[in-house]
Amino acid sequence: MEFRGHEEAVSSLTLSPDGSRLATAGADRTVRIWEVPTGRQIVRLTGHTGRINGIVSSPDGSRLISVADDHTARVWDPATGKERATLTGHDDMIRAVAPHPDGRRIATGSFDHTVRIWDLTSGDSIGKLTGHTDVVRAVAFHPDGRRLATGSFDQTIRIWDVDTERQLGNLTGHGLVHAVAFSPDGRLLATAGVDGTARLWHADNGRPAAERLAGHAGAVTAVAFSPDGRLLATAGVDGTARLWNPATGRATAAPLTGHTAGLTAVAFAPDGRALLTAGHDGTARLWPL
């Protein structure tokens, strides 16, 4: 199934917790909400004045949060399409966003080299992580909510204690880092970068958990674990998505092809039976598994 309507690249996507709705964010400065079973566009959200780089859903599905080149994060009501709040504080474009497991907080990463933690109820910035020396390209909370992984164009992946804002670890190997994701059980951290690989690390000690997952022709731009943690999906600038067994580091299927340009995002449906991708060709696609 194909979701087509954005006038430029689709930069990010997120599914509602029940899998019935898909939200996509684009370089055309819009967020669009789609009915998954039919592919019909339901709502078009506008308000950002720059390219939208990320979109996430709160764990309970009551909020959508988008981040953009206009230096803001915006909170939306997905049911009505109305904007609830605009979060300001970053000094440059915001590139990444992740929801906290408690649903009350988010983390954002910016071209200003910082990560901010926000309270969604008050709209206030309640934490600021500093240490990266280039754009923070990716952020992901550990399932326990106490740790945060960040990936940067300074060629590092850093692990933080969210409450103390203390850095716990520093991983290297990719060059420029494009994506980070924790497994559902919190034992593994997946990362992806410009070196054309995804890597798996033990979340507790930062040691490699498998050989490099190599197969894409060019940078790997996104990673996502299946809900049961038995599959890892990657997406790349080569326009393909690939599925891997994180226990072995081996591919489990032929590459998924069909996009006509590089991919920007990948996500599993909540039931694990489908994969969704988005790309520079202006489309999002659903792949039954």
# chains A, B, ... in the order shown; residues from 1 in each chain; ligands from 1
call {"tool": "residues_around", "arguments": {"residues": "segment 247-259 of chain A", "least_positions_apart": "6", "cutoff": "9 Å", "atoms": "only C-alpha atoms", "output": "list in words"}}
result
Arg199, Leu200, Ala209, Ala210, Glu211, Arg212, Leu213, Gly215, Arg230, Leu231, Gly239, Thr240, Ala241, Thr277, Ala278, Gly279, His280, Asp281, Thr283, Ala284, Arg285 and Trp287 of chain A
call {"tool": "residues_around", "arguments": {"residues": "Asp102 of chain A", "least_positions_apart": "4", "cutoff": "12 Å", "atoms": "only C-alpha atoms", "output": "VMD selection string"}}
result
chain A and resid 58 to 60 98 106 119 to 120 141 to 146
call {"tool": "residues_around", "arguments": {"residues": "segment 42-50 of chain A", "least_positions_apart": "5", "cutoff": "6 Å", "atoms": "only C-alpha atoms", "output": "PDB file with all heavy atoms, in the first residue's frame"}}
result
ATOM      1  N   ARG A  29       6.520  20.928   4.903  1.00  0.00           N
ATOM      2  CA  ARG A  29       6.093  21.637   6.120  1.00  0.00           C
ATOM      3  C   ARG A  29       4.727  21.186   6.627  1.00  0.00           C
ATOM      4  O   ARG A  29       4.086  21.898   7.396  1.00  0.00           O
ATOM      5  CB  ARG A  29       6.098  23.159   5.906  1.00  0.00           C
ATOM      6  CG  ARG A  29       7.426  23.703   5.410  1.00  0.00           C
ATOM      7  CD  ARG A  29       7.368  25.204   5.184  1.00  0.00           C
ATOM      8  NE  ARG A  29       8.633  25.689   4.638  1.00  0.00           N
ATOM      9  CZ  ARG A  29       8.904  26.959   4.380  1.00  0.00           C
ATOM     10  NH1 ARG A  29       7.975  27.888   4.605  1.00  0.00           N
ATOM     11  NH2 ARG A  29      10.062  27.318   3.894  1.00  0.00           N
ATOM     12  N   THR A  30       4.279  20.034   6.218  1.00  0.00           N
ATOM     13  CA  THR A  30       2.991  19.524   6.673  1.00  0.00           C
ATOM     14  C   THR A  30       3.147  18.190   7.399  1.00  0.00           C
ATOM     15  O   THR A  30       4.103  17.441   7.158  1.00  0.00           O
ATOM     16  CB  THR A  30       1.999  19.314   5.514  1.00  0.00           C
ATOM     17  OG1 THR A  30       2.434  18.211   4.701  1.00  0.00           O
ATOM     18  CG2 THR A  30       1.871  20.571   4.662  1.00  0.00           C
ATOM     19  N   VAL A  31       2.194  17.937   8.292  1.00  0.00           N
ATOM     20  CA  VAL A  31       1.987  16.617   8.874  1.00  0.00           C
ATOM     21  C   VAL A  31       0.672  16.102   8.321  1.00  0.00           C
ATOM     22  O   VAL A  31      -0.316  16.834   8.267  1.00  0.00           O
ATOM     23  CB  VAL A  31       1.919  16.682  10.413  1.00  0.00           C
ATOM     24  CG1 VAL A  31       1.513  15.331  10.990  1.00  0.00           C
ATOM     25  CG2 VAL A  31       3.253  17.125  10.996  1.00  0.00           C
ATOM     26  N   ARG A  32       0.665  14.858   7.898  1.00  0.00           N
ATOM     27  CA  ARG A  32      -0.557  14.272   7.353  1.00  0.00           C
ATOM     28  C   ARG A  32      -0.887  13.003   8.113  1.00  0.00           C
ATOM     29  O   ARG A  32       0.006  12.220   8.457  1.00  0.00           O
ATOM     30  CB  ARG A  32      -0.399  14.004   5.855  1.00  0.00           C
ATOM     31  CG  ARG A  32      -0.154  15.307   5.078  1.00  0.00           C
ATOM     32  CD  ARG A  32       0.188  15.087   3.628  1.00  0.00           C
ATOM     33  NE  ARG A  32       0.639  16.316   3.004  1.00  0.00           N
ATOM     34  CZ  ARG A  32       0.028  16.943   1.993  1.00  0.00           C
ATOM     35  NH1 ARG A  32      -1.092  16.451   1.490  1.00  0.00           N
ATOM     36  NH2 ARG A  32       0.531  18.051   1.482  1.00  0.00           N
ATOM     37  N   ILE A  33      -2.175  12.814   8.377  1.00  0.00           N
ATOM     38  CA  ILE A  33      -2.653  11.630   9.078  1.00  0.00           C
ATOM     39  C   ILE A  33      -3.481  10.807   8.107  1.00  0.00           C
ATOM     40  O   ILE A  33      -4.362  11.331   7.416  1.00  0.00           O
ATOM     41  CB  ILE A  33      -3.465  12.013  10.321  1.00  0.00           C
ATOM     42  CG1 ILE A  33      -2.605  12.848  11.284  1.00  0.00           C
ATOM     43  CG2 ILE A  33      -3.982  10.758  11.029  1.00  0.00           C
ATOM     44  CD1 ILE A  33      -3.348  13.346  12.501  1.00  0.00           C
ATOM     45  N   TRP A  34      -3.172   9.503   8.068  1.00  0.00           N
ATOM     46  CA  TRP A  34      -3.773   8.606   7.099  1.00  0.00           C
ATOM     47  C   TRP A  34      -4.507   7.465   7.802  1.00  0.00           C
ATOM     48  O   TRP A  34      -4.085   7.007   8.869  1.00  0.00           O
ATOM     49  CB  TRP A  34      -2.698   7.994   6.197  1.00  0.00           C
ATOM     50  CG  TRP A  34      -1.709   8.949   5.649  1.00  0.00           C
ATOM     51  CD1 TRP A  34      -0.620   9.461   6.291  1.00  0.00           C
ATOM     52  CD2 TRP A  34      -1.701   9.530   4.333  1.00  0.00           C
ATOM     53  NE1 TRP A  34       0.079  10.310   5.459  1.00  0.00           N
ATOM     54  CE2 TRP A  34      -0.568  10.373   4.256  1.00  0.00           C
ATOM     55  CE3 TRP A  34      -2.531   9.396   3.227  1.00  0.00           C
ATOM     56  CZ2 TRP A  34      -0.243  11.083   3.108  1.00  0.00           C
ATOM     57  CZ3 TRP A  34      -2.215  10.105   2.087  1.00  0.00           C
ATOM     58  CH2 TRP A  34      -1.079  10.949   2.026  1.00  0.00           C
ATOM     59  N   ALA A  68      11.049  20.630  13.706  1.00  0.00           N
ATOM     60  CA  ALA A  68      11.287  21.199  12.384  1.00  0.00           C
ATOM     61  C   ALA A  68      12.469  22.151  12.352  1.00  0.00           C
ATOM     62  O   ALA A  68      13.047  22.517  13.389  1.00  0.00           O
ATOM     63  CB  ALA A  68      10.024  21.927  11.912  1.00  0.00           C
ATOM     64  N   ASP A  69      12.765  22.568  11.124  1.00  0.00           N
ATOM     65  CA  ASP A  69      13.832  23.547  10.899  1.00  0.00           C
ATOM     66  C   ASP A  69      13.508  24.924  11.457  1.00  0.00           C
ATOM     67  O   ASP A  69      14.385  25.782  11.531  1.00  0.00           O
ATOM     68  CB  ASP A  69      14.101  23.686   9.391  1.00  0.00           C
ATOM     69  CG  ASP A  69      14.927  22.540   8.826  1.00  0.00           C
ATOM     70  OD1 ASP A  69      15.336  21.659   9.608  1.00  0.00           O
ATOM     71  OD2 ASP A  69      15.152  22.519   7.602  1.00  0.00           O
ATOM     72  N   ASP A  70      12.256  25.158  11.847  1.00  0.00           N
ATOM     73  CA  ASP A  70      11.884  26.466  12.398  1.00  0.00           C
ATOM     74  C   ASP A  70      12.233  26.592  13.880  1.00  0.00           C
ATOM     75  O   ASP A  70      11.777  27.521  14.555  1.00  0.00           O
ATOM     76  CB  ASP A  70      10.395  26.750  12.174  1.00  0.00           C
ATOM     77  CG  ASP A  70       9.475  25.733  12.831  1.00  0.00           C
ATOM     78  OD1 ASP A  70       9.957  24.917  13.639  1.00  0.00           O
ATOM     79  OD2 ASP A  70       8.265  25.761  12.540  1.00  0.00           O
TER      80      ASP A  70
END
call {"tool": "closest_residue", "arguments": {"among": "A:Ile159, A:Val10, A:Ala192, A:Asp92", "to": "Thr264 of chain A", "atoms": "only C-alpha atoms"}}
result
A:Val10
call {"tool": "residues_around", "arguments": {"residues": "segment 147-154 of chain A", "least_positions_apart": "4", "cutoff": "6 Å", "atoms": "only C-alpha atoms", "output": "MDAnalysis selection string"}}
result
chainID A and resid 133:142 158:162 176:177
call {"tool": "write_last_selection", "arguments": {"atoms": "all heavy atoms", "output": "short mmCIF file (atom, residue, chain, number, x, y, z; two decimals), in the first residue's frame"}}
result
data_model
loop_
_atom_site.label_atom_id
_atom_site.label_comp_id
_atom_site.auth_asym_id
_atom_site.auth_seq_id
_atom_site.Cartn_x
_atom_site.Cartn_y
_atom_site.Cartn_z
N THR A 133 29.45 17.73 19.76
CA THR A 133 30.12 18.86 19.11
C THR A 133 29.62 19.07 17.68
O THR A 133 30.23 19.81 16.92
CB THR A 133 31.64 18.64 19.10
OG1 THR A 133 31.93 17.40 18.42
CG2 THR A 133 32.19 18.58 20.51
N ASP A 134 28.51 18.42 17.33
CA ASP A 134 27.89 18.61 16.02
C ASP A 134 26.41 18.30 16.16
O ASP A 134 25.93 17.98 17.26
CB ASP A 134 28.56 17.71 14.98
CG ASP A 134 28.47 18.28 13.56
OD1 ASP A 134 27.47 18.97 13.27
OD2 ASP A 134 29.37 18.00 12.74
N VAL A 135 25.67 18.39 15.07
CA VAL A 135 24.22 18.18 15.11
C VAL A 135 23.87 16.85 15.75
O VAL A 135 24.50 15.83 15.48
CB VAL A 135 23.63 18.27 13.69
CG1 VAL A 135 24.34 17.32 12.74
CG2 VAL A 135 22.14 17.96 13.70
N VAL A 136 22.88 16.87 16.63
CA VAL A 136 22.34 15.64 17.22
C VAL A 136 21.26 15.14 16.28
O VAL A 136 20.20 15.72 16.15
CB VAL A 136 21.78 15.88 18.63
CG1 VAL A 136 21.25 14.57 19.21
CG2 VAL A 136 22.87 16.46 19.54
N ARG A 137 21.55 14.03 15.63
CA ARG A 137 20.73 13.52 14.53
C ARG A 137 19.68 12.52 14.98
O ARG A 137 18.68 12.30 14.30
CB ARG A 137 21.68 12.87 13.51
CG ARG A 137 21.04 12.14 12.35
CD ARG A 137 20.38 13.07 11.38
NE ARG A 137 19.97 12.38 10.16
CZ ARG A 137 18.92 11.57 10.05
NH1 ARG A 137 18.17 11.32 11.10
NH2 ARG A 137 18.64 10.99 8.89
N ALA A 138 19.88 11.88 16.18
CA ALA A 138 18.97 10.83 16.60
C ALA A 138 18.91 10.78 18.12
O ALA A 138 19.92 11.01 18.80
CB ALA A 138 19.42 9.49 16.05
N VAL A 139 17.72 10.46 18.65
CA VAL A 139 17.52 10.30 20.09
C VAL A 139 16.57 9.13 20.33
O VAL A 139 15.66 8.89 19.53
CB VAL A 139 16.95 11.57 20.75
CG1 VAL A 139 17.96 12.71 20.73
CG2 VAL A 139 15.66 12.02 20.06
N ALA A 140 16.78 8.39 21.43
CA ALA A 140 15.90 7.27 21.77
C ALA A 140 15.98 7.01 23.26
O ALA A 140 17.08 6.89 23.82
CB ALA A 140 16.28 6.01 21.00
N PHE A 141 14.83 6.90 23.92
CA PHE A 141 14.79 6.53 25.32
C PHE A 141 14.89 5.02 25.48
O PHE A 141 14.32 4.25 24.70
CB PHE A 141 13.48 6.99 25.97
CG PHE A 141 13.44 8.45 26.33
CD1 PHE A 141 12.76 9.36 25.53
CD2 PHE A 141 14.06 8.90 27.48
CE1 PHE A 141 12.71 10.69 25.87
CE2 PHE A 141 14.02 10.24 27.83
CZ PHE A 141 13.35 11.15 27.02
N HIS A 142 15.60 4.60 26.52
CA HIS A 142 15.59 3.20 26.93
C HIS A 142 14.20 2.89 27.48
O HIS A 142 13.53 3.77 28.03
CB HIS A 142 16.65 2.98 28.01
CG HIS A 142 16.87 1.56 28.38
ND1 HIS A 142 16.08 0.90 29.31
CD2 HIS A 142 17.80 0.64 27.97
CE1 HIS A 142 16.50 -0.34 29.44
NE2 HIS A 142 17.54 -0.53 28.65
N ARG A 158 26.09 8.57 22.31
CA ARG A 158 26.27 8.79 23.74
C ARG A 158 25.05 8.30 24.52
O ARG A 158 23.93 8.40 24.04
CB ARG A 158 26.54 10.26 24.03
CG ARG A 158 27.73 10.78 23.21
CD ARG A 158 28.20 12.14 23.61
NE ARG A 158 29.24 12.62 22.70
CZ ARG A 158 30.22 13.46 23.03
NH1 ARG A 158 30.31 13.92 24.26
NH2 ARG A 158 31.10 13.85 22.12
N ILE A 159 25.33 7.75 25.69
CA ILE A 159 24.29 7.27 26.58
C ILE A 159 24.27 8.20 27.80
O ILE A 159 25.31 8.50 28.38
CB ILE A 159 24.54 5.82 27.04
CG1 ILE A 159 24.88 4.92 25.84
CG2 ILE A 159 23.33 5.29 27.80
CD1 ILE A 159 23.80 4.82 24.80
N TRP A 160 23.06 8.61 28.19
CA TRP A 160 22.90 9.61 29.26
C TRP A 160 21.98 9.09 30.35
O TRP A 160 21.04 8.34 30.07
CB TRP A 160 22.31 10.89 28.71
CG TRP A 160 22.98 11.45 27.50
CD1 TRP A 160 22.79 11.07 26.19
CD2 TRP A 160 23.92 12.51 27.46
NE1 TRP A 160 23.58 11.83 25.36
CE2 TRP A 160 24.28 12.72 26.10
CE3 TRP A 160 24.51 13.32 28.43
CZ2 TRP A 160 25.19 13.70 25.70
CZ3 TRP A 160 25.42 14.30 28.05
CH2 TRP A 160 25.76 14.48 26.69
N ASP A 161 22.23 9.53 31.57
CA ASP A 161 21.27 9.39 32.66
C ASP A 161 20.33 10.59 32.56
O ASP A 161 20.76 11.73 32.69
CB ASP A 161 21.99 9.38 34.00
CG ASP A 161 21.05 9.17 35.17
OD1 ASP A 161 20.14 10.01 35.35
OD2 ASP A 161 21.23 8.22 35.93
N VAL A 162 19.05 10.32 32.32
CA VAL A 162 18.11 11.41 32.05
C VAL A 162 17.94 12.32 33.25
O VAL A 162 17.86 13.55 33.10
CB VAL A 162 16.75 10.82 31.62
CG1 VAL A 162 15.71 11.93 31.46
CG2 VAL A 162 16.88 10.05 30.33
N LEU A 176 29.56 9.50 10.81
CA LEU A 176 28.33 10.23 11.09
C LEU A 176 27.23 9.26 11.47
O LEU A 176 27.00 8.26 10.78
CB LEU A 176 27.89 11.05 9.87
CG LEU A 176 28.93 11.99 9.23
CD1 LEU A 176 28.29 12.77 8.11
CD2 LEU A 176 29.52 12.92 10.27
N VAL A 177 26.50 9.54 12.55
CA VAL A 177 25.46 8.65 13.05
C VAL A 177 24.09 9.18 12.64
O VAL A 177 23.77 10.35 12.85
CB VAL A 177 25.53 8.52 14.58
CG1 VAL A 177 24.45 7.55 15.08
CG2 VAL A 177 26.91 8.05 15.02
#
call {"tool": "select_by_dssp", "arguments": {"residues": "segment 24-234 of chain A", "states": "strand (DSSP E or B)", "output": "ChimeraX atom specification"}}
result
/A:24-26,31-35,40-45,52-57,64-68,72-76,83-88,94-99,105-110,115-119,125-129,136-141,147-152,156-161,166-172,177-182,188-193,197-202,208,213-214,220-225,232-234
call {"tool": "residues_around", "arguments": {"residues": "Ile126 of chain A", "least_positions_apart": "6", "cutoff": "12 Å", "atoms": "only C-alpha atoms", "output": "PDB file with N, CA, C and O atoms, in the first residue's frame"}}
result
ATOM      1  N   LEU A  87       6.784  24.369  21.472  1.00  0.00           N
ATOM      2  CA  LEU A  87       7.900  24.312  22.403  1.00  0.00           C
ATOM      3  C   LEU A  87       9.103  25.019  21.786  1.00  0.00           C
ATOM      4  O   LEU A  87       9.528  24.675  20.683  1.00  0.00           O
ATOM      5  N   GLY A  89      13.103  26.837  22.511  1.00  0.00           N
ATOM      6  CA  GLY A  89      14.255  26.837  23.392  1.00  0.00           C
ATOM      7  C   GLY A  89      15.537  26.487  22.673  1.00  0.00           C
ATOM      8  O   GLY A  89      16.610  26.980  23.017  1.00  0.00           O
ATOM      9  N   ARG A 104       4.753  11.630  29.248  1.00  0.00           N
ATOM     10  CA  ARG A 104       4.671  13.020  29.729  1.00  0.00           C
ATOM     11  C   ARG A 104       5.852  13.865  29.295  1.00  0.00           C
ATOM     12  O   ARG A 104       5.839  15.072  29.475  1.00  0.00           O
ATOM     13  N   ARG A 105       6.877  13.224  28.731  1.00  0.00           N
ATOM     14  CA  ARG A 105       8.080  13.940  28.344  1.00  0.00           C
ATOM     15  C   ARG A 105       8.519  13.528  26.941  1.00  0.00           C
ATOM     16  O   ARG A 105       8.145  12.470  26.445  1.00  0.00           O
ATOM     17  N   ILE A 106       9.319  14.373  26.320  1.00  0.00           N
ATOM     18  CA  ILE A 106       9.979  14.038  25.067  1.00  0.00           C
ATOM     19  C   ILE A 106      11.418  14.526  25.137  1.00  0.00           C
ATOM     20  O   ILE A 106      11.774  15.377  25.969  1.00  0.00           O
ATOM     21  N   ALA A 107      12.246  13.987  24.245  1.00  0.00           N
ATOM     22  CA  ALA A 107      13.606  14.482  24.050  1.00  0.00           C
ATOM     23  C   ALA A 107      13.732  14.963  22.615  1.00  0.00           C
ATOM     24  O   ALA A 107      13.149  14.371  21.695  1.00  0.00           O
ATOM     25  N   THR A 108      14.476  16.040  22.410  1.00  0.00           N
ATOM     26  CA  THR A 108      14.733  16.560  21.069  1.00  0.00           C
ATOM     27  C   THR A 108      16.222  16.789  20.875  1.00  0.00           C
ATOM     28  O   THR A 108      16.936  17.160  21.811  1.00  0.00           O
ATOM     29  N   VAL A 115      20.727  18.370  23.412  1.00  0.00           N
ATOM     30  CA  VAL A 115      19.496  17.596  23.569  1.00  0.00           C
ATOM     31  C   VAL A 115      18.698  18.246  24.686  1.00  0.00           C
ATOM     32  O   VAL A 115      19.254  18.601  25.731  1.00  0.00           O
ATOM     33  N   ARG A 116      17.410  18.428  24.449  1.00  0.00           N
ATOM     34  CA  ARG A 116      16.549  18.979  25.498  1.00  0.00           C
ATOM     35  C   ARG A 116      15.471  17.975  25.866  1.00  0.00           C
ATOM     36  O   ARG A 116      14.963  17.247  25.010  1.00  0.00           O
ATOM     37  N   ILE A 117      15.141  17.969  27.157  1.00  0.00           N
ATOM     38  CA  ILE A 117      14.033  17.180  27.678  1.00  0.00           C
ATOM     39  C   ILE A 117      12.895  18.152  27.980  1.00  0.00           C
ATOM     40  O   ILE A 117      13.115  19.195  28.613  1.00  0.00           O
ATOM     41  N   TRP A 118      11.689  17.802  27.546  1.00  0.00           N
ATOM     42  CA  TRP A 118      10.537  18.704  27.683  1.00  0.00           C
ATOM     43  C   TRP A 118       9.421  18.023  28.472  1.00  0.00           C
ATOM     44  O   TRP A 118       9.187  16.826  28.332  1.00  0.00           O
ATOM     45  N   ASP A 119       8.738  18.837  29.268  1.00  0.00           N
ATOM     46  CA  ASP A 119       7.518  18.412  29.940  1.00  0.00           C
ATOM     47  C   ASP A 119       6.352  18.785  29.037  1.00  0.00           C
ATOM     48  O   ASP A 119       6.136  19.966  28.754  1.00  0.00           O
ATOM     49  N   LEU A 120       5.599  17.787  28.575  1.00  0.00           N
ATOM     50  CA  LEU A 120       4.531  18.060  27.625  1.00  0.00           C
ATOM     51  C   LEU A 120       3.321  18.736  28.268  1.00  0.00           C
ATOM     52  O   LEU A 120       2.532  19.377  27.576  1.00  0.00           O
ATOM     53  N   VAL A 162      19.052  10.324  32.320  1.00  0.00           N
ATOM     54  CA  VAL A 162      18.110  11.406  32.051  1.00  0.00           C
ATOM     55  C   VAL A 162      17.940  12.317  33.251  1.00  0.00           C
ATOM     56  O   VAL A 162      17.864  13.549  33.105  1.00  0.00           O
ATOM     57  N   ASP A 163      17.887  11.760  34.453  1.00  0.00           N
ATOM     58  CA  ASP A 163      17.605  12.570  35.642  1.00  0.00           C
ATOM     59  C   ASP A 163      18.793  13.423  36.064  1.00  0.00           C
ATOM     60  O   ASP A 163      18.633  14.581  36.445  1.00  0.00           O
ATOM     61  N   THR A 164      20.000  12.851  35.992  1.00  0.00           N
ATOM     62  CA  THR A 164      21.187  13.602  36.435  1.00  0.00           C
ATOM     63  C   THR A 164      21.852  14.369  35.298  1.00  0.00           C
ATOM     64  O   THR A 164      22.728  15.202  35.551  1.00  0.00           O
ATOM     65  N   GLU A 165      21.469  14.064  34.052  1.00  0.00           N
ATOM     66  CA  GLU A 165      22.071  14.658  32.853  1.00  0.00           C
ATOM     67  C   GLU A 165      23.544  14.289  32.722  1.00  0.00           C
ATOM     68  O   GLU A 165      24.317  14.975  32.047  1.00  0.00           O
TER      69      GLU A 165
END
call {"tool": "closest_residue", "arguments": {"among": "A:Leu263, A:Leu243, A:Leu189, A:Ile52", "to": "Gly282 of chain A", "atoms": "only C-alpha atoms"}}
result
A:Leu263
call {"tool": "closest_residue", "arguments": {"among": "A:Val75, A:Val237, A:Ala27, A:Val223", "to": "Phe268 of chain A", "atoms": "only C-alpha atoms"}}
result
A:Val223
call {"tool": "closest_residue", "arguments": {"among": "A:His71, A:Arg21, A:Lys128, A:His6", "to": "Leu276 of chain A", "atoms": "only C-alpha atoms"}}
result
A:Arg21
call {"tool": "atom_distance", "arguments": {"atom1": "atom CA of Leu22 of chain A", "atom2": "atom CA of Glu35 of chain A"}}
result
6.5 Å
call {"tool": "residues_around", "arguments": {"residues": "Leu188 of chain A", "least_positions_apart": "2", "cutoff": "10 Å", "atoms": "only C-alpha atoms", "output": "PDB file with N, CA and C atoms, in the first residue's frame"}}
result
ATOM      1  N   HIS A 142      15.602   4.598  26.522  1.00  0.00           N
ATOM      2  CA  HIS A 142      15.590   3.202  26.933  1.00  0.00           C
ATOM      3  C   HIS A 142      14.203   2.890  27.485  1.00  0.00           C
ATOM      4  N   ALA A 181      18.177   3.128  18.267  1.00  0.00           N
ATOM      5  CA  ALA A 181      16.931   2.531  18.751  1.00  0.00           C
ATOM      6  C   ALA A 181      17.257   1.436  19.759  1.00  0.00           C
ATOM      7  N   PHE A 182      16.529   1.404  20.873  1.00  0.00           N
ATOM      8  CA  PHE A 182      16.654   0.327  21.844  1.00  0.00           C
ATOM      9  C   PHE A 182      15.680  -0.795  21.502  1.00  0.00           C
ATOM     10  N   SER A 183      16.078  -2.031  21.820  1.00  0.00           N
ATOM     11  CA  SER A 183      15.165  -3.161  21.669  1.00  0.00           C
ATOM     12  C   SER A 183      14.066  -3.057  22.719  1.00  0.00           C
ATOM     13  N   PRO A 184      12.907  -3.689  22.482  1.00  0.00           N
ATOM     14  CA  PRO A 184      11.803  -3.594  23.439  1.00  0.00           C
ATOM     15  C   PRO A 184      12.153  -4.065  24.847  1.00  0.00           C
ATOM     16  N   ASP A 185      13.055  -5.055  24.964  1.00  0.00           N
ATOM     17  CA  ASP A 185      13.439  -5.520  26.294  1.00  0.00           C
ATOM     18  C   ASP A 185      14.584  -4.707  26.889  1.00  0.00           C
ATOM     19  N   GLY A 186      15.108  -3.733  26.127  1.00  0.00           N
ATOM     20  CA  GLY A 186      16.144  -2.852  26.632  1.00  0.00           C
ATOM     21  C   GLY A 186      17.540  -3.433  26.653  1.00  0.00           C
ATOM     22  N   ALA A 190      20.531  -0.522  18.834  1.00  0.00           N
ATOM     23  CA  ALA A 190      20.870  -0.547  17.410  1.00  0.00           C
ATOM     24  C   ALA A 190      21.220   0.853  16.964  1.00  0.00           C
ATOM     25  N   THR A 191      22.244   0.965  16.132  1.00  0.00           N
ATOM     26  CA  THR A 191      22.668   2.259  15.600  1.00  0.00           C
ATOM     27  C   THR A 191      22.925   2.120  14.107  1.00  0.00           C
ATOM     28  N   ARG A 199      24.651  -1.388  13.568  1.00  0.00           N
ATOM     29  CA  ARG A 199      25.429  -2.094  14.580  1.00  0.00           C
ATOM     30  C   ARG A 199      24.556  -2.351  15.796  1.00  0.00           C
ATOM     31  N   LEU A 200      24.854  -3.448  16.478  1.00  0.00           N
ATOM     32  CA  LEU A 200      24.143  -3.827  17.687  1.00  0.00           C
ATOM     33  C   LEU A 200      25.116  -3.827  18.860  1.00  0.00           C
ATOM     34  N   TRP A 201      24.686  -3.211  19.954  1.00  0.00           N
ATOM     35  CA  TRP A 201      25.503  -3.066  21.143  1.00  0.00           C
ATOM     36  C   TRP A 201      24.724  -3.597  22.348  1.00  0.00           C
ATOM     37  N   HIS A 202      25.442  -4.152  23.318  1.00  0.00           N
ATOM     38  CA  HIS A 202      24.811  -4.477  24.588  1.00  0.00           C
ATOM     39  C   HIS A 202      24.527  -3.163  25.315  1.00  0.00           C
ATOM     40  N   ALA A 203      23.274  -2.932  25.656  1.00  0.00           N
ATOM     41  CA  ALA A 203      22.886  -1.637  26.224  1.00  0.00           C
ATOM     42  C   ALA A 203      23.528  -1.389  27.587  1.00  0.00           C
ATOM     43  N   ASP A 204      23.811  -2.442  28.340  1.00  0.00           N
ATOM     44  CA  ASP A 204      24.330  -2.244  29.695  1.00  0.00           C
ATOM     45  C   ASP A 204      25.807  -1.888  29.739  1.00  0.00           C
ATOM     46  N   GLY A 206      27.820  -1.381  26.531  1.00  0.00           N
ATOM     47  CA  GLY A 206      28.319  -0.742  25.321  1.00  0.00           C
ATOM     48  C   GLY A 206      29.195  -1.612  24.455  1.00  0.00           C
ATOM     49  N   ARG A 207      29.260  -2.904  24.747  1.00  0.00           N
ATOM     50  CA  ARG A 207      30.087  -3.790  23.930  1.00  0.00           C
ATOM     51  C   ARG A 207      29.306  -4.258  22.701  1.00  0.00           C
ATOM     52  N   PRO A 208      29.999  -4.511  21.587  1.00  0.00           N
ATOM     53  CA  PRO A 208      29.315  -5.010  20.391  1.00  0.00           C
ATOM     54  C   PRO A 208      28.597  -6.316  20.677  1.00  0.00           C
ATOM     55  N   ALA A 209      27.365  -6.437  20.150  1.00  0.00           N
ATOM     56  CA  ALA A 209      26.559  -7.638  20.382  1.00  0.00           C
ATOM     57  C   ALA A 209      26.504  -8.544  19.163  1.00  0.00           C
ATOM     58  N   PHE A 225      13.223  -1.821  15.802  1.00  0.00           N
ATOM     59  CA  PHE A 225      12.990  -3.184  16.249  1.00  0.00           C
ATOM     60  C   PHE A 225      11.511  -3.521  16.099  1.00  0.00           C
ATOM     61  N   GLY A 229      10.929  -7.822  19.326  1.00  0.00           N
ATOM     62  CA  GLY A 229      12.378  -7.763  19.369  1.00  0.00           C
ATOM     63  C   GLY A 229      13.093  -8.786  18.524  1.00  0.00           C
ATOM     64  N   PRO A 246      18.376  -9.880  14.925  1.00  0.00           N
ATOM     65  CA  PRO A 246      19.350  -9.235  15.808  1.00  0.00           C
ATOM     66  C   PRO A 246      20.157 -10.216  16.651  1.00  0.00           C
ATOM     67  N   ALA A 247      19.667 -11.452  16.786  1.00  0.00           N
ATOM     68  CA  ALA A 247      20.416 -12.449  17.559  1.00  0.00           C
ATOM     69  C   ALA A 247      21.637 -12.949  16.806  1.00  0.00           C
TER      70      ALA A 247
END
call {"tool": "decode", "arguments": {"residues": "segment 202-216 of chain A", "atoms": "C-alpha atoms", "output": "CSV table (one decimal), in the first residue's frame"}}
result
chain,number,residue,atom,x,y,z
A,202,HIS,CA,24.8,-4.5,24.6
A,203,ALA,CA,22.9,-1.6,26.2
A,204,ASP,CA,24.3,-2.2,29.7
A,205,ASN,CA,28.0,-2.2,28.9
A,206,GLY,CA,28.3,-0.7,25.3
A,207,ARG,CA,30.1,-3.8,23.9
A,208,PRO,CA,29.3,-5.0,20.4
A,209,ALA,CA,26.6,-7.6,20.4
A,210,ALA,CA,27.0,-8.9,16.8
A,211,GLU,CA,29.0,-8.4,13.6
A,212,ARG,CA,28.2,-5.3,11.6
A,213,LEU,CA,25.0,-5.6,9.6
A,214,ALA,CA,26.2,-4.7,6.2
A,215,GLY,CA,24.2,-4.9,2.9
A,216,HIS,CA,23.0,-1.4,2.1
